[in-house]
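**Student:** Next comes the structure file structure-v1.cif, holding mmCIF, C-alpha atoms.
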```cif
data_run
loop_
_atom_site.label_atom_id
_atom_site.label_comp_id
_atom_site.auth_asym_id
_atom_site.auth_seq_id
_atom_site.Cartn_x
_atom_site.Cartn_y
_atom_site.Cartn_z
CA MET U 120 0.00 0.00 0.00
CA ILE U 121 1.22 3.53 -0.80
CA ARG U 122 1.54 5.04 2.67
CA THR U 123 3.36 8.33 2.09
CA THR U 124 3.96 10.66 -0.82
CA SER U 125 6.44 13.51 -1.13
CA VAL U 126 7.65 15.87 -3.84
CA HIS U 127 11.10 17.45 -3.93
CA ASP U 128 12.58 20.39 -5.82
CA ALA U 129 16.03 19.25 -7.03
CA ARG U 130 18.25 21.68 -8.94
CA TYR U 131 21.76 21.16 -10.26
CA ALA U 132 23.99 23.92 -11.58
CA LEU U 133 26.10 22.91 -14.59
CA ASP U 134 29.78 23.55 -15.14
CA GLY U 135 31.51 25.39 -17.94
CA GLN U 136 28.67 26.39 -20.29
CA ALA U 137 27.31 22.84 -20.45
CA GLY U 138 23.67 22.54 -21.47
CA SER U 139 23.59 25.84 -23.36
CA ASP U 140 21.65 26.23 -26.59
CA ALA U 141 20.43 29.06 -28.80
CA ILE U 142 17.39 29.76 -26.59
CA HIS U 143 18.37 28.41 -23.17
CA ARG U 144 21.73 30.08 -22.54
CA ASP U 145 22.14 29.44 -18.80
CA PRO U 146 20.19 26.30 -17.80
CA VAL U 147 19.98 24.83 -14.32
CA TYR U 148 19.06 21.18 -14.83
CA SER U 149 16.21 20.54 -12.40
CA TYR U 150 13.71 17.87 -11.45
CA ALA U 151 10.33 17.86 -9.79
CA VAL U 152 10.83 14.55 -7.98
CA THR U 153 7.84 12.54 -6.76
CA ARG U 154 8.44 9.77 -4.24
CA LEU U 155 5.81 7.15 -3.39
CA SER U 156 6.58 4.96 -0.39
CA ALA U 157 4.91 1.57 -0.06
CA ASP U 158 6.20 -0.74 2.67
CA SER U 159 9.85 -1.48 1.79
CA HIS U 160 9.81 0.14 -1.65
CA THR U 161 9.94 3.77 -2.78
CA GLY U 162 9.06 4.79 -6.31
CA THR U 163 10.84 7.80 -7.78
CA GLY U 164 9.51 9.84 -10.69
CA LEU U 165 11.08 12.78 -12.49
CA ALA U 166 9.85 15.73 -14.52
CA PHE U 167 12.52 17.94 -16.09
CA THR U 168 12.78 21.74 -16.03
CA LEU U 169 15.58 24.28 -16.42
CA GLY U 170 15.28 25.85 -12.98
CA ALA U 171 12.86 28.73 -12.47
CA GLY U 172 9.32 27.45 -12.05
CA ASN U 173 10.35 24.02 -10.84
CA GLU U 174 8.58 24.80 -7.58
CA LEU U 175 5.30 25.24 -9.47
CA VAL U 176 5.60 21.78 -10.98
CA CYS U 177 6.34 20.37 -7.52
CA ALA U 178 3.20 21.95 -6.08
CA ALA U 179 1.04 20.50 -8.85
CA ALA U 180 2.67 17.07 -8.54
CA ALA U 181 1.91 17.01 -4.81
CA ARG U 182 -1.78 17.44 -5.60
CA TYR U 183 -1.79 14.43 -7.92
CA ALA U 184 0.38 12.30 -5.64
CA ASP U 185 -1.88 12.84 -2.64
CA THR U 186 -4.68 10.96 -4.41
CA LEU U 187 -2.60 7.75 -4.33
CA ARG U 188 -2.30 7.39 -0.57
CA GLY U 189 -3.86 4.20 0.73
CA LEU U 190 -3.91 2.50 -2.69
CA GLU U 191 -2.08 -0.66 -3.78
CA ILE U 192 0.30 -0.07 -6.66
CA GLU U 193 -0.89 -3.19 -8.49
CA ASP U 194 -4.47 -1.93 -8.33
CA VAL U 195 -3.36 1.50 -9.55
CA MET U 196 -1.47 0.11 -12.53
CA ALA U 197 -4.26 -2.28 -13.50
CA ARG U 198 -6.35 0.78 -14.39
CA PHE U 199 -3.68 3.41 -14.77
CA GLY U 200 -5.04 4.65 -18.09
CA GLN U 201 -8.28 5.60 -16.37
CA ILE U 202 -6.49 7.21 -13.43
CA SER U 203 -4.20 9.19 -15.75
CA ARG U 204 -7.20 10.51 -17.65
CA GLN U 205 -8.92 11.49 -14.41
CA TRP U 206 -5.83 13.45 -13.35
CA ALA U 207 -5.47 15.14 -16.74
CA ASP U 208 -9.17 16.02 -16.82
CA ASP U 209 -9.40 17.41 -13.30
CA PRO U 210 -12.20 19.99 -13.63
CA GLN U 211 -10.05 22.82 -12.22
CA PHE U 212 -6.46 21.79 -12.94
CA ARG U 213 -7.29 21.05 -16.57
CA TRP U 214 -7.79 24.78 -17.14
CA LEU U 215 -4.07 25.27 -16.56
CA GLY U 216 -3.28 23.04 -19.55
CA PRO U 217 -4.99 21.17 -20.88
CA HIS U 218 -2.34 18.49 -21.25
CA LYS U 219 0.56 20.92 -21.31
CA GLY U 220 2.70 23.16 -19.13
CA VAL U 221 3.03 22.86 -15.37
CA VAL U 222 0.18 20.40 -14.90
CA GLN U 223 1.47 18.06 -17.61
CA LEU U 224 4.97 18.07 -16.14
CA ALA U 225 3.46 17.33 -12.75
CA LEU U 226 1.56 14.43 -14.24
CA ALA U 227 4.85 13.12 -15.68
CA SER U 228 6.54 13.21 -12.29
CA VAL U 229 3.79 11.24 -10.53
CA THR U 230 3.23 8.83 -13.43
CA ASN U 231 6.91 7.98 -13.60
CA ALA U 232 6.98 7.35 -9.85
CA CYS U 233 4.10 4.89 -10.26
CA PHE U 234 5.91 2.92 -12.96
CA ASP U 235 9.13 2.91 -10.91
CA LEU U 236 7.34 1.66 -7.80
CA TRP U 237 5.54 -1.00 -9.84
CA ALA U 238 8.81 -2.37 -11.23
CA LYS U 239 10.50 -2.28 -7.82
CA LYS U 240 7.56 -4.08 -6.21
CA ARG U 241 7.91 -6.82 -8.82
CA GLY U 242 11.69 -6.84 -8.38
CA VAL U 243 12.58 -6.24 -12.05
CA PRO U 244 13.99 -3.44 -14.22
CA LEU U 245 11.28 -1.36 -15.83
CA TRP U 246 12.22 -2.54 -19.34
CA LYS U 247 11.63 -6.15 -18.30
CA LEU U 248 8.33 -5.38 -16.60
CA LEU U 249 7.06 -3.70 -19.77
CA VAL U 250 8.34 -6.43 -22.08
CA ASP U 251 6.77 -9.18 -19.94
CA LEU U 252 3.34 -7.54 -19.67
CA SER U 253 0.57 -8.98 -21.78
CA PRO U 254 -0.70 -6.64 -24.50
CA GLU U 255 -3.96 -6.32 -22.58
CA ALA U 256 -2.24 -5.37 -19.32
CA LEU U 257 -0.06 -2.79 -21.04
CA LEU U 258 -3.08 -1.35 -22.83
CA HIS U 259 -4.71 -0.73 -19.44
CA THR U 260 -1.87 1.65 -18.54
CA LEU U 261 -2.59 3.94 -21.51
CA ASP U 262 -4.94 6.87 -22.09
CA LEU U 263 -5.88 6.89 -25.78
CA SER U 264 -8.41 9.70 -25.56
CA TYR U 265 -8.37 12.20 -28.44
CA LEU U 266 -6.58 9.66 -30.62
CA GLU U 267 -9.64 7.71 -31.69
CA ASP U 268 -9.32 8.91 -35.28
CA GLU U 269 -5.88 7.31 -35.51
CA LEU U 270 -5.43 4.85 -32.64
CA THR U 271 -8.37 3.02 -31.08
CA GLU U 272 -7.96 0.45 -28.30
CA LYS U 273 -8.38 -2.23 -30.95
CA ASP U 274 -5.64 -0.65 -33.06
CA ALA U 275 -3.30 -0.34 -30.09
CA LEU U 276 -3.87 -3.94 -29.05
CA ALA U 277 -3.14 -5.13 -32.58
CA LEU U 278 0.13 -3.16 -32.65
CA LEU U 279 1.16 -4.57 -29.26
CA GLU U 280 0.38 -8.11 -30.37
CA LYS U 281 2.23 -7.63 -33.66
CA GLY U 282 5.20 -6.20 -31.76
CA ARG U 283 5.71 -9.52 -30.00
CA ILE U 284 6.37 -11.27 -33.31
CA GLY U 285 10.06 -11.86 -33.85
CA ARG U 286 11.04 -10.71 -30.37
CA GLU U 287 13.50 -13.57 -29.94
CA SER U 288 15.56 -12.24 -32.82
CA ARG U 289 15.83 -8.87 -31.08
CA LEU U 290 16.89 -10.15 -27.66
CA PRO U 291 20.66 -9.97 -28.39
CA ILE U 292 20.45 -6.20 -27.77
CA LEU U 293 20.27 -7.00 -24.05
CA GLN U 294 23.84 -8.29 -24.30
CA SER U 295 25.23 -5.90 -26.89
CA GLY U 296 23.63 -2.77 -25.39
CA TYR U 297 21.64 0.05 -26.98
CA PRO U 298 23.61 2.48 -29.19
CA GLY U 299 24.05 6.01 -27.87
CA TYR U 300 24.88 9.35 -29.40
CA ASP U 301 26.89 12.14 -27.80
CA THR U 302 24.85 15.32 -27.47
CA SER U 303 27.50 17.16 -25.44
CA VAL U 304 30.15 17.75 -28.08
CA GLY U 305 28.80 21.11 -29.20
CA TRP U 306 26.81 23.05 -26.61
CA PHE U 307 26.00 26.50 -27.95
CA ASN U 308 28.38 28.48 -25.75
CA TYR U 309 31.37 26.19 -26.31
CA PRO U 310 34.21 27.81 -28.30
CA ASP U 311 35.21 26.17 -31.57
CA GLU U 312 38.35 24.57 -30.18
CA GLN U 313 36.38 22.92 -27.39
CA VAL U 314 33.90 21.58 -29.92
CA ARG U 315 36.78 20.21 -31.95
CA GLU U 316 38.32 18.49 -28.94
CA ASN U 317 34.97 17.11 -27.80
CA CYS U 318 34.40 15.59 -31.23
CA ARG U 319 37.77 13.86 -31.10
CA ARG U 320 36.96 12.52 -27.64
CA ALA U 321 33.53 11.26 -28.67
CA VAL U 322 34.96 9.36 -31.64
CA ALA U 323 37.69 7.88 -29.44
CA GLU U 324 35.04 6.76 -26.94
CA GLY U 325 33.22 4.81 -29.61
CA PHE U 326 30.31 7.12 -30.48
CA THR U 327 29.18 6.87 -34.08
CA ALA U 328 26.78 9.82 -33.84
CA MET U 329 26.93 13.26 -32.21
CA LYS U 330 25.02 16.55 -32.10
CA LEU U 331 25.88 20.24 -32.49
CA LYS U 332 23.83 23.18 -31.26
CA VAL U 333 23.04 25.79 -33.93
CA GLY U 334 20.80 28.85 -34.10
CA SER U 335 23.39 31.65 -33.98
CA ALA U 336 22.51 35.25 -34.80
CA ASP U 337 25.12 34.93 -37.55
CA PRO U 338 24.28 31.86 -39.69
CA GLU U 339 27.89 31.73 -40.85
CA ARG U 340 28.89 30.69 -37.32
CA ASP U 341 26.55 27.72 -37.54
CA ILE U 342 27.85 26.74 -40.96
CA ARG U 343 31.47 27.02 -39.85
CA ARG U 344 30.92 24.93 -36.71
CA ALA U 345 28.90 22.32 -38.58
CA GLU U 346 31.69 21.92 -41.12
CA LEU U 347 34.18 21.72 -38.26
CA VAL U 348 32.29 18.83 -36.66
CA ARG U 349 31.98 17.02 -39.98
CA GLU U 350 35.70 17.46 -40.61
CA VAL U 351 36.71 16.02 -37.23
CA ALA U 352 34.06 13.31 -37.06
CA GLY U 353 34.55 12.09 -40.61
CA ALA U 354 32.08 11.06 -43.27
CA ASP U 355 30.88 7.87 -41.53
CA VAL U 356 29.70 9.51 -38.29
CA ARG U 357 26.11 10.73 -38.08
CA VAL U 358 26.00 14.42 -37.16
CA MET U 359 22.75 16.03 -36.00
CA LEU U 360 22.09 19.79 -35.81
CA ASP U 361 19.79 21.28 -33.15
CA ALA U 362 18.41 24.84 -33.38
CA ASN U 363 16.25 24.62 -30.23
CA GLN U 364 13.38 26.55 -31.89
CA GLN U 365 15.49 29.62 -32.57
CA TRP U 366 14.55 30.30 -36.20
CA THR U 367 11.41 31.78 -37.67
CA LEU U 368 10.07 29.78 -40.60
CA PRO U 369 11.59 32.15 -43.22
CA GLN U 370 14.96 31.92 -41.45
CA ALA U 371 14.76 28.12 -41.32
CA LEU U 372 13.87 27.96 -45.00
CA ALA U 373 16.95 30.05 -45.76
CA ILE U 374 19.54 28.39 -43.57
CA CYS U 375 18.59 24.69 -43.58
CA PRO U 376 19.62 24.14 -47.22
CA LYS U 377 23.01 25.71 -46.47
CA LEU U 378 23.51 23.46 -43.45
CA GLY U 379 22.45 20.54 -45.60
CA ASN U 380 25.74 20.76 -47.45
CA MET U 381 27.50 18.98 -44.58
CA GLN U 382 24.91 16.16 -44.74
CA PRO U 383 23.35 16.29 -41.26
CA TYR U 384 21.42 13.20 -40.19
CA TRP U 385 18.63 15.52 -39.06
CA ILE U 386 17.89 19.14 -38.18
CA GLU U 387 16.21 19.33 -34.79
CA GLU U 388 13.63 21.82 -33.50
CA PRO U 389 14.10 24.33 -36.33
CA THR U 390 11.22 26.62 -35.30
CA HIS U 391 8.37 27.05 -32.81
CA PRO U 392 7.18 23.63 -31.60
CA ASP U 393 3.48 24.55 -31.95
CA ASP U 394 3.83 25.49 -35.62
CA ILE U 395 2.84 22.16 -37.14
CA LEU U 396 2.07 23.58 -40.58
CA GLY U 397 5.32 25.53 -40.54
CA HIS U 398 7.22 22.29 -39.96
CA GLN U 399 5.25 20.67 -42.76
CA THR U 400 6.24 23.48 -45.12
CA LEU U 401 9.88 23.23 -44.09
CA ALA U 402 9.98 19.44 -44.31
CA GLU U 403 8.65 19.54 -47.85
CA ALA U 404 11.07 22.30 -48.85
CA ILE U 405 14.26 20.63 -47.60
CA ALA U 406 13.52 16.97 -48.38
CA PRO U 407 15.26 14.53 -48.37
CA LEU U 408 16.87 16.21 -45.34
CA LYS U 409 14.73 15.24 -42.34
CA LEU U 410 13.46 17.09 -39.27
CA ALA U 411 13.52 15.79 -35.70
CA LEU U 412 11.18 17.20 -33.08
CA GLY U 413 9.47 16.49 -29.79
CA GLU U 414 11.57 17.94 -26.98
CA HIS U 415 8.95 20.65 -26.45
CA VAL U 416 5.90 18.84 -27.78
CA PRO U 417 3.73 18.43 -24.67
CA ASN U 418 1.23 15.69 -25.48
CA ARG U 419 0.11 12.82 -27.70
CA ILE U 420 -2.43 14.93 -29.59
CA VAL U 421 0.18 17.32 -30.98
CA PHE U 422 2.42 14.36 -31.84
CA LYS U 423 -0.55 12.85 -33.70
CA ASN U 424 -0.83 16.02 -35.77
CA TYR U 425 2.88 16.05 -36.59
CA LEU U 426 2.63 12.46 -37.78
CA GLN U 427 -0.53 13.16 -39.78
CA THR U 428 1.17 16.00 -41.66
CA GLY U 429 4.37 14.05 -42.35
CA SER U 430 6.43 16.81 -40.73
CA ALA U 431 8.76 14.68 -38.64
CA GLY U 432 11.38 12.21 -39.79
CA PHE U 433 12.24 11.41 -36.17
CA ILE U 434 10.10 11.76 -33.06
CA GLN U 435 11.88 12.84 -29.85
CA VAL U 436 9.14 12.28 -27.28
CA ASP U 437 10.46 12.73 -23.72
CA ALA U 438 8.83 10.86 -20.84
CA VAL U 439 9.82 13.58 -18.36
CA ARG U 440 8.13 16.21 -20.54
CA VAL U 441 4.89 14.60 -21.77
CA GLY U 442 2.59 12.86 -19.26
CA GLY U 443 5.18 10.28 -18.28
CA VAL U 444 5.86 6.67 -19.27
CA SER U 445 2.23 6.02 -20.19
CA GLU U 446 2.03 8.81 -22.74
CA PHE U 447 5.51 8.00 -24.05
CA LEU U 448 4.32 4.47 -24.85
CA THR U 449 1.20 5.84 -26.50
CA VAL U 450 3.26 8.11 -28.76
CA SER U 451 5.55 5.16 -29.54
CA LEU U 452 2.50 3.20 -30.71
CA LEU U 453 1.46 6.09 -32.96
CA CYS U 454 4.97 6.24 -34.41
CA LYS U 455 4.96 2.51 -35.04
CA LYS U 456 1.75 2.88 -37.00
CA TYR U 457 3.34 5.63 -39.12
CA GLY U 458 6.74 3.96 -39.46
CA VAL U 459 8.57 6.90 -37.86
CA PRO U 460 11.57 6.21 -35.56
CA VAL U 461 11.41 7.19 -31.88
CA VAL U 462 14.67 8.77 -30.71
CA PRO U 463 13.86 10.32 -27.32
CA HIS U 464 15.07 13.60 -25.92
CA VAL U 465 16.50 12.71 -22.52
CA GLY U 466 15.62 15.29 -19.88
CA ASP U 467 16.23 12.42 -17.46
CA MET U 468 19.83 12.09 -18.74
CA GLY U 469 18.89 8.74 -20.26
CA GLN U 470 18.13 7.07 -16.92
CA LEU U 471 14.47 6.27 -17.60
CA HIS U 472 14.70 6.27 -21.38
CA GLN U 473 17.27 3.48 -21.50
CA HIS U 474 14.41 1.27 -20.29
CA LEU U 475 11.82 2.71 -22.66
CA VAL U 476 13.86 2.35 -25.85
CA LEU U 477 14.55 -1.27 -24.96
CA PHE U 478 10.81 -1.84 -24.68
CA ASN U 479 10.21 0.00 -27.95
CA HIS U 480 12.68 -2.31 -29.68
CA LEU U 481 11.76 -5.58 -27.98
CA GLY U 482 8.05 -4.96 -27.45
CA LEU U 483 7.06 -2.94 -30.51
CA GLY U 484 9.75 -3.77 -33.05
CA HIS U 485 11.02 -0.20 -33.35
CA GLU U 486 14.49 0.10 -34.83
CA ALA U 487 17.23 0.37 -32.20
CA LEU U 488 18.60 3.53 -33.76
CA PHE U 489 20.33 5.30 -30.87
CA LEU U 490 19.65 7.13 -27.60
CA GLU U 491 20.89 10.57 -26.62
CA HIS U 492 23.65 10.59 -23.98
CA ILE U 493 24.11 13.55 -21.61
CA PRO U 494 26.56 12.81 -18.76
CA HIS U 495 26.36 16.00 -16.71
CA LEU U 496 24.22 14.72 -13.80
CA LYS U 497 25.65 11.21 -13.63
CA LYS U 498 27.13 11.69 -10.16
CA HIS U 499 23.72 12.47 -8.67
CA PHE U 500 22.04 9.15 -9.53
CA VAL U 501 22.15 6.06 -7.34
CA HIS U 502 22.34 3.84 -10.44
CA PRO U 503 23.71 6.06 -13.22
CA ALA U 504 23.31 4.88 -16.78
CA THR U 505 26.42 3.07 -17.94
CA VAL U 506 27.64 4.00 -21.41
CA ARG U 507 30.69 2.14 -22.65
CA ASP U 508 32.19 2.26 -26.15
CA GLY U 509 29.30 4.49 -27.21
CA VAL U 510 26.66 1.99 -26.05
CA TYR U 511 24.16 1.97 -23.16
CA LEU U 512 24.62 -1.20 -21.14
CA THR U 513 21.35 -2.87 -20.14
CA PRO U 514 20.27 -1.81 -16.61
CA GLN U 515 19.69 -4.70 -14.22
CA GLU U 516 18.52 -3.07 -10.98
CA PRO U 517 14.77 -3.11 -10.21
CA GLY U 518 12.90 0.05 -11.20
CA SER U 519 13.56 2.82 -13.68
CA SER U 520 17.06 3.93 -12.55
CA CYS U 521 15.78 7.35 -11.41
CA ASP U 522 16.68 7.37 -7.70
CA LEU U 523 18.77 10.41 -6.73
CA LYS U 524 21.49 10.30 -4.07
CA ASP U 525 20.86 13.61 -2.37
CA LEU U 526 17.15 13.30 -1.51
#
```
Just give me the structure of the file as structure tokens.
**Tutor:**
Amino acid sequence: MIRTTSVHDARYALDGQAGSDAIHRDPVYSYAVTRLSADSHTGTGLAFTLGAGNELVCAAAARYADTLRGLEIEDVMARFGQISRQWADDPQFRWLGPHKGVVQLALASVTNACFDLWAKKRGVPLWKLLVDLSPEALLHTLDLSYLEDELTEKDALALLEKGRIGRESRLPILQSGYPGYDTSVGWFNYPDEQVRENCRRAVAEGFTAMKLKVGSADPERDIRRAELVREVAGADVRVMLDANQQWTLPQALAICPKLGNMQPYWIEEPTHPDDILGHQTLAEAIAPLKLALGEHVPNRIVFKNYLQTGSAGFIQVDAVRVGGVSEFLTVSLLCKKYGVPVVPHVGDMGQLHQHLVLFNHLGLGHEALFLEHIPHLKKHFVHPATVRDGVYLTPQEPGSSCDLKDL
């Protein structure tokens, strides 16, 4: 039984311009941390912010978490889709969203704590719990409302059942590990020489993909740095470019073709994340160069629209940004239907997502493309993600790997 609930405001200053991008120049990586205590187990859930306002997410999360006291986690998860919808459709809280902003982040924190507690109670890593669930049991954890035009319960069940086919052939990834990509080589405020050195280090450490932040006031700076990364990394390394929403659509239409000369694997968040039609226009204009988006997309309905318009070549849904694990899995089902890869943004530093991409691959048959790696908060986790030779090693501890040392 869940006996106590608590929410904590955890903030971590970064060193040496780490985390900087064209919009967020001075981030403080922060979590609204929900903890659910049930007998000998404590579930930990994270929602990610950049500092200011984290206390607002914590206050909202506390309201949701309080409703779980006195309940058994197995009973909660057996009907979690219904509970999640009740939280999201709270007659007063819903006005603050709906399904976005502070209340959605709060929902992520509490949802992720529920999934962590569930896995710990069963004594297995979250990836294994999800893989071992029957399609029917997993379906009960999802809220498919507002997706009925694209993904009914019948559709979702069929995708889950189909995803089990050929699973045996995908199991070797548990031994080989899940490929990672280095997103820390080119933070926006890093000088060129540091970017150059970071690229050399990433290649030496076994990474076969890396990302550079763009979106400078002077586009020539972006072009120069992109060419620098390509020169150091070589032709065989995948290089992604991330503008973090900095450009207007006309600016993106002008600069993306120029950046395309260095053959980026994708261009990420080129403009405002709510401008679905703008992304559609851009995607059509720069094809076959592809767009990646999702870091700031708040819910499954907006992801549905991006998929419907063919705007995204890669979906970067983040379980500490949308409504948690449940909504992440729902978006993954939508992507499977559309044949679009899921390559998450990792506001959790990859801790939770290393479990979710394993499920996506083993449980849904998604391609094991790669997972973003950000090492800056590694020292704060009880069980930090282990990345060796550019690969995430499979986590073995029960839960979702999100426990923090200093709480």
**Student:** For this structure, which residues satisfy the selection - the PyMOL selection byres ((chain U and resi 351-368) around 6) - when it is evaluated on the file as given? I want them as a list of chain:residue names.
**Tutor:**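 Matching residues under the PyMOL selection byres ((chain U and resi 351-368) around 6) are U:Thr327, U:Ala328, U:Met329, U:Lys330, U:Leu331, U:Lys332, U:Val333, U:Gly334, U:Val348, U:Arg349, U:Glu350, U:Pro369, U:Gln370, U:Ala371, U:Pro383, U:Tyr384, U:Trp385, U:Ile386, U:Glu387, U:Glu388, U:Pro389, U:Thr390, U:His391.
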**Student:** To one decimal in Å, tell me the separation between atom CA of Trp214 of chain U and atom CA of Asp194 of chain U.
**Tutor:**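 Atom CA of Asp194 of chain U lies 28.3 Å from atom CA of Trp214 of chain U.
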**Student:** Each residue of segment 370-458 of chain U lying at most 12 Å from segment 165-189 of chain U should get a row with its shortest atom-to-atom pair and the distance in Å to one decimal, counting only C-alpha atoms; could you produce that, ordered by chain and increasing number, as CSV?
**Tutor:**
```
residue,atom,partner,partner_atom,distance
U:Glu414,CA,U:Phe167,CA,10.9
U:His415,CA,U:Thr168,CA,11.2
U:Asp437,CA,U:Phe167,CA,9.5
U:Ala438,CA,U:Ala166,CA,8.0
U:Val439,CA,U:Ala166,CA,4.4
U:Arg440,CA,U:Ala166,CA,6.3
U:Val441,CA,U:Ala166,CA,8.9
U:Gly442,CA,U:Ala166,CA,9.1
U:Gly443,CA,U:Ala166,CA,8.1
U:Val444,CA,U:Leu165,CA,10.5
```
**Student:** Go through the shown structure with the PyMOL selection byres ((chain U and resi 521) around 10) and write out the matching residues as an MDAnalysis selection string.
**Tutor:** chainID U and resid 152 162:165 231:232 235 467:471 499:504 518:520 522:524
**Student:** Find, counting all atoms listed in the file, the residue in U:Phe478, U:Tyr265, U:Tyr309, U:Tyr457 that gets nearest to Arg204 of chain U.
**Tutor:**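 Among U:Phe478, U:Tyr265, U:Tyr309, U:Tyr457, it is U:Tyr265 that comes nearest to Arg204 of chain U.
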**Student:** Can you list, as a count of residues only, every protein, DNA or RNA residue that comes within 9 Å of Asp311 of chain U when you count all atoms listed in the file, leaving out same-chain residues fewer than 5 positions away?
**Tutor:** 4
**Student:** Counting all atoms listed in the file, what is within 12 Å of Val461 of chain U, bar same-chain residues fewer than 5 positions away, as a VMD selection string?
**Tutor:** chain U and resid 411 to 414 422 426 431 to 438 447 to 456 472 475 to 480 483 to 491
**Student:** Any chance you can output those residues with C-alpha atoms as a PDB file, in the frame of the given file?
**Tutor:**
```
ATOM      1  CA  ALA U 411      13.520  15.790 -35.700  1.00  0.00           C
ATOM      2  CA  LEU U 412      11.180  17.200 -33.080  1.00  0.00           C
ATOM      3  CA  GLY U 413       9.470  16.490 -29.790  1.00  0.00           C
ATOM      4  CA  GLU U 414      11.570  17.940 -26.980  1.00  0.00           C
ATOM      5  CA  PHE U 422       2.420  14.360 -31.840  1.00  0.00           C
ATOM      6  CA  LEU U 426       2.630  12.460 -37.780  1.00  0.00           C
ATOM      7  CA  ALA U 431       8.760  14.680 -38.640  1.00  0.00           C
ATOM      8  CA  GLY U 432      11.380  12.210 -39.790  1.00  0.00           C
ATOM      9  CA  PHE U 433      12.240  11.410 -36.170  1.00  0.00           C
ATOM     10  CA  ILE U 434      10.100  11.760 -33.060  1.00  0.00           C
ATOM     11  CA  GLN U 435      11.880  12.840 -29.850  1.00  0.00           C
ATOM     12  CA  VAL U 436       9.140  12.280 -27.280  1.00  0.00           C
ATOM     13  CA  ASP U 437      10.460  12.730 -23.720  1.00  0.00           C
ATOM     14  CA  ALA U 438       8.830  10.860 -20.840  1.00  0.00           C
ATOM     15  CA  PHE U 447       5.510   8.000 -24.050  1.00  0.00           C
ATOM     16  CA  LEU U 448       4.320   4.470 -24.850  1.00  0.00           C
ATOM     17  CA  THR U 449       1.200   5.840 -26.500  1.00  0.00           C
ATOM     18  CA  VAL U 450       3.260   8.110 -28.760  1.00  0.00           C
ATOM     19  CA  SER U 451       5.550   5.160 -29.540  1.00  0.00           C
ATOM     20  CA  LEU U 452       2.500   3.200 -30.710  1.00  0.00           C
ATOM     21  CA  LEU U 453       1.460   6.090 -32.960  1.00  0.00           C
ATOM     22  CA  CYS U 454       4.970   6.240 -34.410  1.00  0.00           C
ATOM     23  CA  LYS U 455       4.960   2.510 -35.040  1.00  0.00           C
ATOM     24  CA  LYS U 456       1.750   2.880 -37.000  1.00  0.00           C
ATOM     25  CA  HIS U 472      14.700   6.270 -21.380  1.00  0.00           C
ATOM     26  CA  LEU U 475      11.820   2.710 -22.660  1.00  0.00           C
ATOM     27  CA  VAL U 476      13.860   2.350 -25.850  1.00  0.00           C
ATOM     28  CA  LEU U 477      14.550  -1.270 -24.960  1.00  0.00           C
ATOM     29  CA  PHE U 478      10.810  -1.840 -24.680  1.00  0.00           C
ATOM     30  CA  ASN U 479      10.210   0.000 -27.950  1.00  0.00           C
ATOM     31  CA  HIS U 480      12.680  -2.310 -29.680  1.00  0.00           C
ATOM     32  CA  LEU U 483       7.060  -2.940 -30.510  1.00  0.00           C
ATOM     33  CA  GLY U 484       9.750  -3.770 -33.050  1.00  0.00           C
ATOM     34  CA  HIS U 485      11.020  -0.200 -33.350  1.00  0.00           C
ATOM     35  CA  GLU U 486      14.490   0.100 -34.830  1.00  0.00           C
ATOM     36  CA  ALA U 487      17.230   0.370 -32.200  1.00  0.00           C
ATOM     37  CA  LEU U 488      18.600   3.530 -33.760  1.00  0.00           C
ATOM     38  CA  PHE U 489      20.330   5.300 -30.870  1.00  0.00           C
ATOM     39  CA  LEU U 490      19.650   7.130 -27.600  1.00  0.00           C
ATOM     40  CA  GLU U 491      20.890  10.570 -26.620  1.00  0.00           C
TER      41      GLU U 491
END
```
**Student:** Pick from U:Asp301, U:Asp145, U:Asp251, U:Asp134: nearest to Leu481 of chain U, with only C-alpha atoms counted?
**Tutor:**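 Among the listed residues, the smallest separation from Leu481 of chain U belongs to U:Asp251.
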**Student:** Would you work out the distance separating atom CA of Trp306 of chain U from atom CA of Tyr131 of chain U, expressed in Å to one decimal?
**Tutor:**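 Result for atom CA of Trp306 of chain U versus atom CA of Tyr131 of chain U: 17.2 Å, one decimal.
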**Student:** Name every residue that the PyMOL selection byres ((chain U and resi 378) around 9) selects in this structure, writing the answer as a PyMOL selection string with chains first and numbers rising.
**Tutor:** chain U and resi 341-342+345-346+360+374-377+379-383+386
**Student:** What is the atom CA of Val147 of chain U to atom CA of Ala323 of chain U distance in Å?
**Tutor:** 28.8 Å
